[in-house]
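The structure file query18.json is reproduced below (JSON, C-alpha atoms).
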[["chain", "number", "residue", "atom", "x", "y", "z"],
["A", 1, "MET", "CA", 119.27, 62.50, 129.39],
["A", 2, "VAL", "CA", 116.68, 64.47, 131.31],
["A", 3, "ALA", "CA", 116.91, 65.15, 134.98],
["A", 4, "CYS", "CA", 114.13, 63.48, 136.91],
["A", 5, "TYR", "CA", 115.98, 62.37, 139.98],
["A", 6, "GLU", "CA", 112.87, 61.64, 142.04],
["A", 7, "ALA", "CA", 112.24, 58.57, 139.92],
["A", 8, "SER", "CA", 115.34, 56.83, 141.18],
["A", 9, "PRO", "CA", 114.92, 53.48, 142.93],
["A", 10, "THR", "CA", 116.28, 53.16, 146.42],
["A", 11, "ASP", "CA", 120.04, 52.95, 146.70],
["A", 12, "ALA", "CA", 119.70, 49.73, 148.68],
["A", 13, "ASP", "CA", 117.90, 48.01, 145.77],
["A", 14, "THR", "CA", 120.45, 49.27, 143.31],
["A", 15, "ASP", "CA", 123.28, 47.99, 145.46],
["A", 16, "LEU", "CA", 121.68, 44.57, 145.87],
["A", 17, "LEU", "CA", 121.09, 44.12, 142.14],
["A", 18, "PHE", "CA", 124.47, 45.47, 141.19],
["A", 19, "HIS", "CA", 126.19, 43.19, 143.66],
["A", 20, "ALA", "CA", 124.09, 40.19, 142.63],
["A", 21, "LEU", "CA", 124.84, 40.55, 138.92],
["A", 22, "ALA", "CA", 128.50, 41.46, 139.36],
["A", 23, "ASP", "CA", 129.57, 37.83, 139.72],
["A", 24, "PRO", "CA", 129.83, 35.43, 136.73],
["A", 25, "THR", "CA", 128.64, 32.39, 138.71],
["A", 26, "ARG", "CA", 125.58, 34.27, 139.90],
["A", 27, "ARG", "CA", 124.83, 35.49, 136.38],
["A", 28, "ASP", "CA", 125.06, 31.88, 135.22],
["A", 29, "ILE", "CA", 122.70, 30.73, 137.97],
["A", 30, "VAL", "CA", 120.18, 33.42, 136.93],
["A", 31, "ARG", "CA", 120.40, 32.36, 133.30],
["A", 32, "ARG", "CA", 119.94, 28.67, 134.12],
["A", 33, "SER", "CA", 117.13, 29.21, 136.59],
["A", 34, "LEU", "CA", 115.17, 31.28, 134.07],
["A", 35, "HIS", "CA", 115.24, 28.36, 131.64],
["A", 36, "ALA", "CA", 114.38, 25.64, 134.16],
["A", 37, "ASP", "CA", 114.20, 25.00, 137.87],
["A", 38, "HIS", "CA", 117.31, 23.52, 139.44],
["A", 39, "SER", "CA", 117.98, 22.18, 142.90],
["A", 40, "VAL", "CA", 120.82, 23.78, 144.81],
["A", 41, "SER", "CA", 122.75, 20.49, 144.72],
["A", 42, "GLU", "CA", 122.30, 20.29, 140.92],
["A", 43, "LEU", "CA", 123.70, 23.79, 140.60],
["A", 44, "ALA", "CA", 126.52, 22.98, 143.00],
["A", 45, "GLY", "CA", 127.54, 20.08, 140.74],
["A", 46, "ARG", "CA", 128.11, 22.51, 137.87],
["A", 47, "TYR", "CA", 130.64, 24.75, 139.50],
["A", 48, "SER", "CA", 134.01, 23.98, 140.98],
["A", 49, "MET", "CA", 133.11, 25.30, 144.40],
["A", 50, "SER", "CA", 131.57, 23.96, 147.56],
["A", 51, "PHE", "CA", 127.87, 23.41, 148.10],
["A", 52, "ALA", "CA", 128.00, 26.09, 150.79],
["A", 53, "ALA", "CA", 129.54, 28.60, 148.36],
["A", 54, "VAL", "CA", 126.79, 27.96, 145.79],
["A", 55, "GLN", "CA", 124.22, 28.29, 148.55],
["A", 56, "LYS", "CA", 125.64, 31.69, 149.41],
["A", 57, "HIS", "CA", 125.39, 32.81, 145.78],
["A", 58, "VAL", "CA", 121.76, 31.70, 145.66],
["A", 59, "ALA", "CA", 121.02, 33.62, 148.86],
["A", 60, "ILE", "CA", 122.48, 36.81, 147.35],
["A", 61, "LEU", "CA", 120.34, 36.35, 144.22],
["A", 62, "GLU", "CA", 117.29, 35.76, 146.39],
["A", 63, "ARG", "CA", 117.81, 39.03, 148.26],
["A", 64, "ALA", "CA", 118.08, 40.84, 144.91],
["A", 65, "GLN", "CA", 114.76, 39.22, 143.86],
["A", 66, "LEU", "CA", 116.37, 37.54, 140.88],
["A", 67, "VAL", "CA", 115.47, 34.03, 142.07],
["A", 68, "THR", "CA", 113.18, 32.42, 144.63],
["A", 69, "LYS", "CA", 113.73, 29.20, 146.53],
["A", 70, "ARG", "CA", 111.10, 26.61, 147.35],
["A", 71, "HIS", "CA", 111.25, 23.31, 149.15],
["A", 72, "HIS", "CA", 110.56, 20.09, 147.31],
["A", 73, "GLY", "CA", 110.95, 17.19, 149.69],
["A", 74, "ARG", "CA", 114.49, 17.46, 151.00],
["A", 75, "GLU", "CA", 115.63, 19.52, 148.04],
["A", 76, "ARG", "CA", 115.65, 23.26, 147.72],
["A", 77, "ILE", "CA", 114.64, 24.28, 144.22],
["A", 78, "VAL", "CA", 115.88, 27.57, 142.71],
["A", 79, "CYS", "CA", 113.49, 29.28, 140.29],
["A", 80, "GLY", "CA", 114.22, 32.37, 138.23],
["A", 81, "ARG", "CA", 111.89, 35.30, 138.93],
["A", 82, "ILE", "CA", 110.27, 35.74, 135.60],
["A", 83, "GLU", "CA", 108.80, 39.12, 136.53],
["A", 84, "THR", "CA", 112.25, 40.51, 137.25],
["A", 85, "ALA", "CA", 113.49, 39.05, 133.97],
["A", 86, "ARG", "CA", 110.52, 40.55, 132.13],
["A", 87, "LYS", "CA", 111.22, 43.90, 133.66],
["A", 88, "VAL", "CA", 114.81, 43.64, 132.50],
["A", 89, "ASN", "CA", 113.67, 42.71, 129.00],
["A", 90, "ARG", "CA", 111.23, 45.59, 128.86],
["A", 91, "LEU", "CA", 113.96, 48.00, 129.92],
["A", 92, "LEU", "CA", 116.37, 46.52, 127.39],
["A", 93, "ASP", "CA", 113.69, 47.01, 124.73],
["A", 94, "GLU", "CA", 113.44, 50.67, 125.60],
["A", 95, "LEU", "CA", 117.21, 51.08, 125.61],
["A", 96, "GLU", "CA", 117.34, 49.31, 122.27],
["A", 97, "ASP", "CA", 114.87, 51.87, 120.91],
["A", 98, "ILE", "CA", 117.14, 54.63, 122.14],
["A", 99, "TRP", "CA", 120.08, 53.11, 120.29],
["A", 100, "ARG", "CA", 118.07, 52.52, 117.15],
["A", 101, "VAL", "CA", 117.17, 56.19, 116.94],
["A", 102, "ARG", "CA", 120.71, 57.21, 117.81],
["A", 103, "MET", "CA", 122.05, 54.98, 115.04],
["A", 104, "GLN", "CA", 119.64, 56.59, 112.61],
["A", 105, "ARG", "CA", 121.21, 59.96, 113.43],
["A", 106, "PHE", "CA", 124.63, 58.33, 113.17],
["A", 107, "GLY", "CA", 123.83, 57.32, 109.59],
["A", 108, "GLU", "CA", 122.59, 60.80, 108.77],
["A", 109, "VAL", "CA", 125.79, 62.42, 109.99],
["A", 110, "LEU", "CA", 127.92, 59.83, 108.19],
["A", 111, "LEU", "CA", 126.16, 60.38, 104.87],
["A", 112, "SER", "CA", 125.60, 64.11, 105.18],
["A", 113, "ASP", "CA", 129.39, 64.39, 105.18],
["A", 114, "GLU", "CA", 129.41, 63.23, 101.61],
["A", 115, "THR", "CA", 126.51, 65.32, 100.47],
["A", 116, "ASP", "CA", 127.42, 68.56, 102.30],
["A", 117, "SER", "CA", 123.80, 68.96, 103.16],
["A", 118, "ALA", "CA", 121.51, 68.60, 106.10],
["A", 119, "PRO", "CA", 120.42, 65.08, 107.07],
["A", 120, "THR", "CA", 119.43, 63.02, 104.10],
["A", 121, "HIS", "CA", 117.73, 59.73, 103.71],
["A", 122, "LEU", "CA", 120.05, 56.77, 104.34],
["A", 123, "ASP", "CA", 119.39, 55.47, 100.85],
["A", 124, "HIS", "CA", 120.28, 58.81, 99.34],
["A", 125, "GLN", "CA", 123.16, 58.43, 96.91],
["A", 126, "PRO", "CA", 126.06, 60.69, 97.88],
["A", 127, "ASP", "CA", 126.98, 63.31, 95.32],
["A", 128, "HIS", "CA", 130.49, 64.65, 94.92],
["A", 129, "GLN", "CA", 130.25, 68.15, 96.24],
["A", 130, "PRO", "CA", 132.85, 69.11, 98.80],
["A", 131, "ASP", "CA", 131.83, 69.15, 102.43],
["A", 132, "ASN", "CA", 132.16, 72.84, 103.18],
["A", 133, "GLN", "CA", 129.34, 73.14, 105.61],
["A", 134, "GLN", "CA", 129.42, 71.68, 109.09],
["A", 135, "GLY", "CA", 125.97, 73.02, 109.86],
["A", 136, "ASP", "CA", 123.72, 71.84, 112.60],
["A", 137, "PRO", "CA", 121.93, 68.81, 111.18],
["A", 138, "ARG", "CA", 118.95, 69.45, 113.35],
["B", 1, "MET", "CA", 117.77, 50.51, 108.35],
["B", 2, "SER", "CA", 121.41, 50.20, 109.16],
["B", 3, "ILE", "CA", 120.96, 48.09, 112.30],
["B", 4, "THR", "CA", 121.46, 44.46, 111.41],
["B", 5, "ASP", "CA", 121.11, 42.89, 114.84],
["B", 6, "ALA", "CA", 120.15, 43.78, 118.40],
["B", 7, "ARG", "CA", 120.73, 41.30, 121.20],
["B", 8, "LYS", "CA", 119.65, 41.61, 124.77],
["B", 9, "ASP", "CA", 120.97, 39.56, 127.64],
["B", 10, "ALA", "CA", 118.77, 40.04, 130.68],
["B", 11, "ALA", "CA", 121.10, 38.12, 132.98],
["B", 12, "THR", "CA", 123.98, 40.52, 132.38],
["B", 13, "CYS", "CA", 121.93, 43.65, 131.55],
["B", 14, "THR", "CA", 123.74, 43.88, 128.24],
["B", 15, "LEU", "CA", 122.53, 45.30, 124.95],
["B", 16, "THR", "CA", 124.52, 44.58, 121.79],
["B", 17, "VAL", "CA", 123.59, 46.58, 118.70],
["B", 18, "THR", "CA", 125.23, 45.68, 115.39],
["B", 19, "SER", "CA", 125.01, 48.04, 112.44],
["B", 20, "GLU", "CA", 126.53, 48.27, 108.97],
["B", 21, "TRP", "CA", 127.49, 51.46, 107.17],
["B", 22, "PRO", "CA", 128.32, 52.20, 103.53],
["B", 23, "ALA", "CA", 131.65, 53.82, 104.40],
["B", 24, "ALA", "CA", 135.22, 52.85, 105.29],
["B", 25, "VAL", "CA", 136.24, 52.11, 108.89],
["B", 26, "GLU", "CA", 138.27, 55.35, 109.19],
["B", 27, "LYS", "CA", 135.29, 57.39, 108.12],
["B", 28, "VAL", "CA", 132.90, 55.72, 110.56],
["B", 29, "TRP", "CA", 135.52, 56.13, 113.32],
["B", 30, "GLN", "CA", 135.48, 59.89, 112.70],
["B", 31, "LEU", "CA", 131.92, 60.06, 114.02],
["B", 32, "TRP", "CA", 133.37, 59.14, 117.42],
["B", 33, "ALA", "CA", 136.79, 60.77, 117.04],
["B", 34, "ASP", "CA", 135.67, 64.19, 115.77],
["B", 35, "PRO", "CA", 133.81, 66.03, 118.57],
["B", 36, "ARG", "CA", 131.90, 68.21, 116.06],
["B", 37, "LYS", "CA", 130.59, 65.08, 114.37],
["B", 38, "LEU", "CA", 129.94, 63.28, 117.65],
["B", 39, "GLU", "CA", 127.74, 66.09, 118.95],
["B", 40, "ARG", "CA", 125.61, 65.94, 115.83],
["B", 41, "TRP", "CA", 124.31, 62.47, 116.63],
["B", 42, "TRP", "CA", 124.91, 61.70, 120.33],
["B", 43, "GLY", "CA", 122.06, 63.82, 121.69],
["B", 44, "PRO", "CA", 118.48, 63.85, 120.44],
["B", 45, "PRO", "CA", 117.38, 66.95, 118.49],
["B", 46, "VAL", "CA", 115.48, 68.31, 121.49],
["B", 47, "TYR", "CA", 118.54, 67.77, 123.73],
["B", 48, "PRO", "CA", 121.46, 68.54, 121.42],
["B", 49, "ALA", "CA", 124.89, 67.66, 122.76],
["B", 50, "THR", "CA", 127.84, 70.03, 123.05],
["B", 51, "VAL", "CA", 131.22, 68.35, 123.53],
["B", 52, "THR", "CA", 133.50, 70.50, 125.68],
["B", 53, "GLN", "CA", 136.44, 68.15, 126.12],
["B", 54, "HIS", "CA", 137.38, 65.28, 123.86],
["B", 55, "GLU", "CA", 140.31, 62.97, 124.56],
["B", 56, "LEU", "CA", 139.70, 59.77, 122.66],
["B", 57, "GLN", "CA", 142.82, 58.08, 124.00],
["B", 58, "SER", "CA", 143.45, 55.50, 126.69],
["B", 59, "GLY", "CA", 142.69, 57.08, 130.07],
["B", 60, "GLY", "CA", 141.22, 60.19, 128.43],
["B", 61, "THR", "CA", 138.01, 62.01, 129.30],
["B", 62, "VAL", "CA", 135.22, 63.25, 127.08],
["B", 63, "ARG", "CA", 132.88, 65.86, 128.60],
["B", 64, "TYR", "CA", 129.62, 66.99, 127.12],
["B", 65, "PHE", "CA", 126.35, 68.58, 128.04],
["B", 66, "MET", "CA", 122.92, 68.39, 126.51],
["B", 67, "THR", "CA", 120.71, 71.46, 126.31],
["B", 68, "GLY", "CA", 117.00, 70.98, 126.82],
["B", 69, "PRO", "CA", 114.14, 72.99, 125.34],
["B", 70, "GLU", "CA", 114.03, 75.23, 128.44],
["B", 71, "GLY", "CA", 117.73, 75.94, 128.19],
["B", 72, "ASP", "CA", 118.36, 73.39, 130.94],
["B", 73, "GLN", "CA", 121.78, 71.74, 130.75],
["B", 74, "HIS", "CA", 122.55, 68.12, 131.61],
["B", 75, "HIS", "CA", 126.19, 67.19, 131.89],
["B", 76, "GLY", "CA", 127.74, 63.86, 131.12],
["B", 77, "TYR", "CA", 131.19, 62.39, 130.72],
["B", 78, "TRP", "CA", 133.00, 59.38, 129.30],
["B", 79, "LEU", "CA", 136.00, 57.82, 130.93],
["B", 80, "VAL", "CA", 137.85, 56.31, 128.02],
["B", 81, "GLY", "CA", 139.38, 52.88, 128.62],
["B", 82, "ASP", "CA", 141.38, 51.19, 125.85],
["B", 83, "VAL", "CA", 141.65, 52.77, 122.42],
["B", 84, "ALA", "CA", 142.87, 50.96, 119.29],
["B", 85, "ALA", "CA", 142.03, 53.50, 116.58],
["B", 86, "PRO", "CA", 140.21, 53.13, 114.26],
["B", 87, "HIS", "CA", 138.91, 49.73, 115.31],
["B", 88, "ARG", "CA", 137.97, 49.61, 118.95],
["B", 89, "PHE", "CA", 137.56, 51.62, 122.12],
["B", 90, "THR", "CA", 135.87, 51.26, 125.45],
["B", 91, "PHE", "CA", 134.34, 53.88, 127.73],
["B", 92, "VAL", "CA", 132.20, 54.35, 130.78],
["B", 93, "ASP", "CA", 129.39, 56.89, 130.29],
["B", 94, "GLY", "CA", 128.19, 58.74, 133.38],
["B", 95, "PHE", "CA", 126.53, 61.88, 134.65],
["B", 96, "ALA", "CA", 128.26, 64.99, 135.94],
["B", 97, "ASP", "CA", 127.37, 68.37, 137.44],
["B", 98, "ALA", "CA", 127.79, 71.73, 135.70],
["B", 99, "GLU", "CA", 131.37, 72.01, 136.99],
["B", 100, "GLY", "CA", 132.17, 68.67, 135.41],
["B", 101, "ASN", "CA", 132.40, 66.74, 138.68],
["B", 102, "THR", "CA", 131.22, 63.18, 138.20],
["B", 103, "ASN", "CA", 127.93, 62.32, 139.86],
["B", 104, "ASP", "CA", 128.48, 58.91, 141.42],
["B", 105, "ASP", "CA", 124.89, 58.65, 142.67],
["B", 106, "LEU", "CA", 123.63, 58.15, 139.14],
["B", 107, "PRO", "CA", 124.26, 54.95, 137.19],
["B", 108, "THR", "CA", 127.09, 54.58, 134.71],
["B", 109, "THR", "CA", 127.02, 52.49, 131.56],
["B", 110, "SER", "CA", 130.01, 50.57, 130.19],
["B", 111, "ALA", "CA", 130.35, 50.51, 126.43],
["B", 112, "VAL", "CA", 132.58, 48.81, 123.87],
["B", 113, "VAL", "CA", 132.66, 50.07, 120.26],
["B", 114, "GLU", "CA", 134.14, 47.78, 117.61],
["B", 115, "LEU", "CA", 134.53, 48.60, 113.92],
["B", 116, "THR", "CA", 135.36, 45.94, 111.32],
["B", 117, "ALA", "CA", 135.94, 46.37, 107.58],
["B", 118, "LEU", "CA", 133.67, 44.21, 105.46],
["B", 119, "ASP", "CA", 134.64, 42.74, 102.08],
["B", 120, "ASP", "CA", 132.56, 45.27, 100.16],
["B", 121, "GLY", "CA", 134.35, 48.24, 101.78],
["B", 122, "HIS", "CA", 131.51, 48.83, 104.20],
["B", 123, "THR", "CA", 131.95, 48.87, 107.96],
["B", 124, "ARG", "CA", 130.34, 46.80, 110.67],
["B", 125, "MET", "CA", 129.97, 48.52, 114.03],
["B", 126, "VAL", "CA", 129.22, 46.51, 117.16],
["B", 127, "MET", "CA", 128.20, 48.54, 120.22],
["B", 128, "THR", "CA", 128.00, 46.61, 123.45],
["B", 129, "THR", "CA", 126.49, 48.50, 126.36],
["B", 130, "THR", "CA", 126.35, 46.98, 129.82],
["B", 131, "PHE", "CA", 124.15, 48.55, 132.46],
["B", 132, "ALA", "CA", 125.21, 48.33, 136.07],
["B", 133, "SER", "CA", 121.97, 46.69, 137.19],
["B", 134, "VAL", "CA", 118.26, 46.37, 136.56],
["B", 135, "ALA", "CA", 117.73, 49.39, 138.78],
["B", 136, "ALA", "CA", 120.27, 51.38, 136.79],
["B", 137, "MET", "CA", 118.49, 50.60, 133.52],
["B", 138, "GLU", "CA", 115.19, 51.57, 135.04],
["B", 139, "GLN", "CA", 116.67, 54.82, 136.19],
["B", 140, "LEU", "CA", 118.13, 55.66, 132.78],
["B", 141, "VAL", "CA", 114.82, 54.98, 131.08],
["B", 142, "ALA", "CA", 112.92, 56.90, 133.77],
["B", 143, "MET", "CA", 115.24, 59.86, 133.38],
["B", 144, "GLY", "CA", 113.42, 60.67, 130.20],
["B", 145, "MET", "CA", 115.96, 59.54, 127.65],
["B", 146, "GLU", "CA", 113.12, 57.82, 125.89],
["B", 147, "ASP", "CA", 110.90, 60.89, 125.78],
["B", 148, "GLY", "CA", 113.59, 62.96, 124.16],
["B", 149, "LEU", "CA", 114.33, 60.23, 121.72],
["B", 150, "LYS", "CA", 110.75, 59.60, 120.75],
["B", 151, "GLU", "CA", 110.54, 63.25, 119.85],
["B", 152, "ALA", "CA", 113.77, 62.81, 117.94],
["B", 153, "MET", "CA", 112.24, 59.96, 116.03],
["B", 154, "GLY", "CA", 109.37, 62.21, 114.98],
["B", 155, "GLN", "CA", 111.79, 64.86, 113.76],
["B", 156, "ILE", "CA", 113.78, 62.37, 111.76],
["B", 157, "GLN", "CA", 110.66, 61.01, 110.15],
["B", 158, "ALA", "CA", 109.73, 64.56, 109.20],
["B", 159, "ILE", "CA", 113.14, 65.07, 107.62],
["B", 160, "LEU", "CA", 112.92, 61.81, 105.73],
["B", 161, "ALA", "CA", 109.46, 62.72, 104.45],
["B", 162, "GLU", "CA", 110.89, 65.88, 102.83],
["B", 163, "ASP", "CA", 112.96, 63.83, 100.39]]

Could you show the structure in this file as structure tokens?
Amino acid sequence: MVACYEASPTDADTDLLFHALADPTRRDIVRRSLHADHSVSELAGRYSMSFAAVQKHVAILERAQLVTKRHHGRERIVCGRIETARKVNRLLDELEDIWRVRMQRFGEVLLSDETDSAPTHLDHQPDHQPDNQQGDPR
Amino acid sequence: MSITDARKDAATCTLTVTSEWPAAVEKVWQLWADPRKLERWWGPPVYPATVTQHELQSGGTVRYFMTGPEGDQHHGYWLVGDVAAPHRFTFVDGFADAEGNTNDDLPTTSAVVELTALDDGHTRMVMTTTFASVAAMEQLVAMGMEDGLKEAMGQIQAILAED
């Protein structure tokens, strides 16, 4: 957690994305449209709501850049925006890295309790000395 | 490596990390429930965490700050949701100012921690973190968490190499 507030995206973008992903139907539409293109009427058939309601959901996703719409004859086809999805995946990868490292420390604290020593290797067999030192593991 | 699975769901901005530990559930729970233990692993070595308030109970608040290499302090808080010790709790992690006031301009992260006893006496921990939006994830990554943690990784590798 390092302050670098200039890097923040615009509040408007954040609001759009937050709002777009806050609804379970819209999340489902994003998921489906990333796997394959669907027409709005196809999507409407999947949910117990009106065509107009589904259309509204798609419009909200479009504004958040999570899907695009194109015309195919009389149909409007909804496609997932792969670049947005890739960006999400890249970010999730980075956040996963953060958790992996954090879990490594977690294991060190858990096992150092049993060894009364500074961080030890996770495979280190605990010995039976009492834990009389709550020293800084760093 | 103690992490057994990591799942990412781009549609919901959710990261689920599953890990297994050679210790009983109560003991693993203590790493969350004991503030002195929590601060030993929550922050990276270059931004160690100091927990100043710790109420791991439904509706409770945990406050902490991380101290950077320049002595700079970065405050954060958890709003604790449901707690079923020692098996499950939920919290929202956010940023705060030095006085402890929550900073609502910065993104929060919702987390669920679940501990389950395995047959061999070990414990499975499932951490589910949900980010408010793509923009929020981007912001958290951009805020340098990763830099601090990459340094942390180097330090840990150095420690492991001493064995």

Enumerate, as number ranges by chain, the protein, DNA and RNA residues whose atoms approach (123.3, 44.8, 105.0) to within 9 Å, taking into account all atoms listed in the file and the coordinate frame of the file. B: 1-4, 19-21

Find the distance between atom CA of Leu56 of chain B and atom CA of His122 of chain B and write it in Å to one decimal. 23.0 Å

Between atom CA of Leu34 of chain A and atom CA of Gly80 of chain A, what is the distance in Å, rounded to a tenth? 4.4 Å

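Shortest atom-to-atom contact with Val92 of chain B among B:Ala33, B:Val112, B:Ala11, B:Ala24: B:Val112, counting all atoms listed in the file.
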
Can you tell me which residues surround segment 59-75 of chain B at a distance of at most 12 Å, considering all atoms listed in the file, apart from same-chain residues fewer than 3 positions away, and format the answer as a ChimeraX atom specification? /A:1-4 /B:32-36,38-56,78-83,89-103,106,143-145,147-148,151

Any idea what the distance is between atom CA of Asp28 of chain A and atom CA of Thr12 of chain B?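 Separating atom CA of Asp28 of chain A from atom CA of Thr12 of chain B is a distance of 9.2 Å.
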
Neighbour residues at most 10 Å from (123.3, 37.6, 132.2) (only C-alpha atoms) as a compact mmCIF listing (two decimals) with C-alpha atoms, in the frame of the given file:
# COMPACT_ATOMS: atom_id res chain seq x y z
CA LEU A 21 124.84 40.55 138.92
CA ALA A 22 128.50 41.46 139.36
CA ASP A 23 129.57 37.83 139.72
CA PRO A 24 129.83 35.43 136.73
CA THR A 25 128.64 32.39 138.71
CA ARG A 26 125.58 34.27 139.90
CA ARG A 27 124.83 35.49 136.38
CA ASP A 28 125.06 31.88 135.22
CA ILE A 29 122.70 30.73 137.97
CA VAL A 30 120.18 33.42 136.93
CA ARG A 31 120.40 32.36 133.30
CA ARG A 32 119.94 28.67 134.12
CA LYS B 8 119.65 41.61 124.77
CA ASP B 9 120.97 39.56 127.64
CA ALA B 10 118.77 40.04 130.68
CA ALA B 11 121.10 38.12 132.98
CA THR B 12 123.98 40.52 132.38
CA CYS B 13 121.93 43.65 131.55
CA THR B 14 123.74 43.88 128.24

Taking into account only C-alpha atoms, which residue in the set A:His57, A:Leu66, A:Gly73, A:Cys79 is nearest to chain B? A:Leu66

Long-range neighbours of Val40 of chain A as number ranges by chain, 8 Å cut-off, only C-alpha atoms, 5 positions minimum in chain: A: 51, 54-55, 75-78

Give the answer as one residue: which of A:His19, A:Phe106, A:Arg74, A:Glu62 has the shortest atom-to-atom distance to Gln30 of chain B, using only C-alpha atoms?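 Looking only at the distances to Gln30 of chain B, the closest residue turns out to be A:Phe106.
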
Axis-aligned box over every listed atom of segment 4-19 of chain B, padded by 5 Å per side: centre and edges in Å to one decimal, as AutoDock Vina command-line options?
--center_x 122.0 --center_y 43.1 --center_z 122.2 --size_x 16.5 --size_y 19.9 --size_z 31.6

Quick one: residues within 8 Å of segment 123-131 of chain B, only C-alpha atoms, excluding same-chain residues fewer than 6 positions away - as a list in words?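 Counting only the stated atoms, we get Thr12, Cys13, Thr14, Leu15, Thr16, Val17, Thr18, Ser19, Glu20, Trp21, Pro22, Ala23, Ala24, Val25, Val28, Pro107, Thr108, Thr109, Ser110, Ala111, Val112, Val113, Glu114, Leu115, Thr116, Ala117 and Met137 of chain B.
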
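Restricting the calculation to all atoms listed in the file, the smallest distance between chain A and any of B:Tyr77, B:Ala136, B:Arg88, B:Asp5 is found for B:Ala136.
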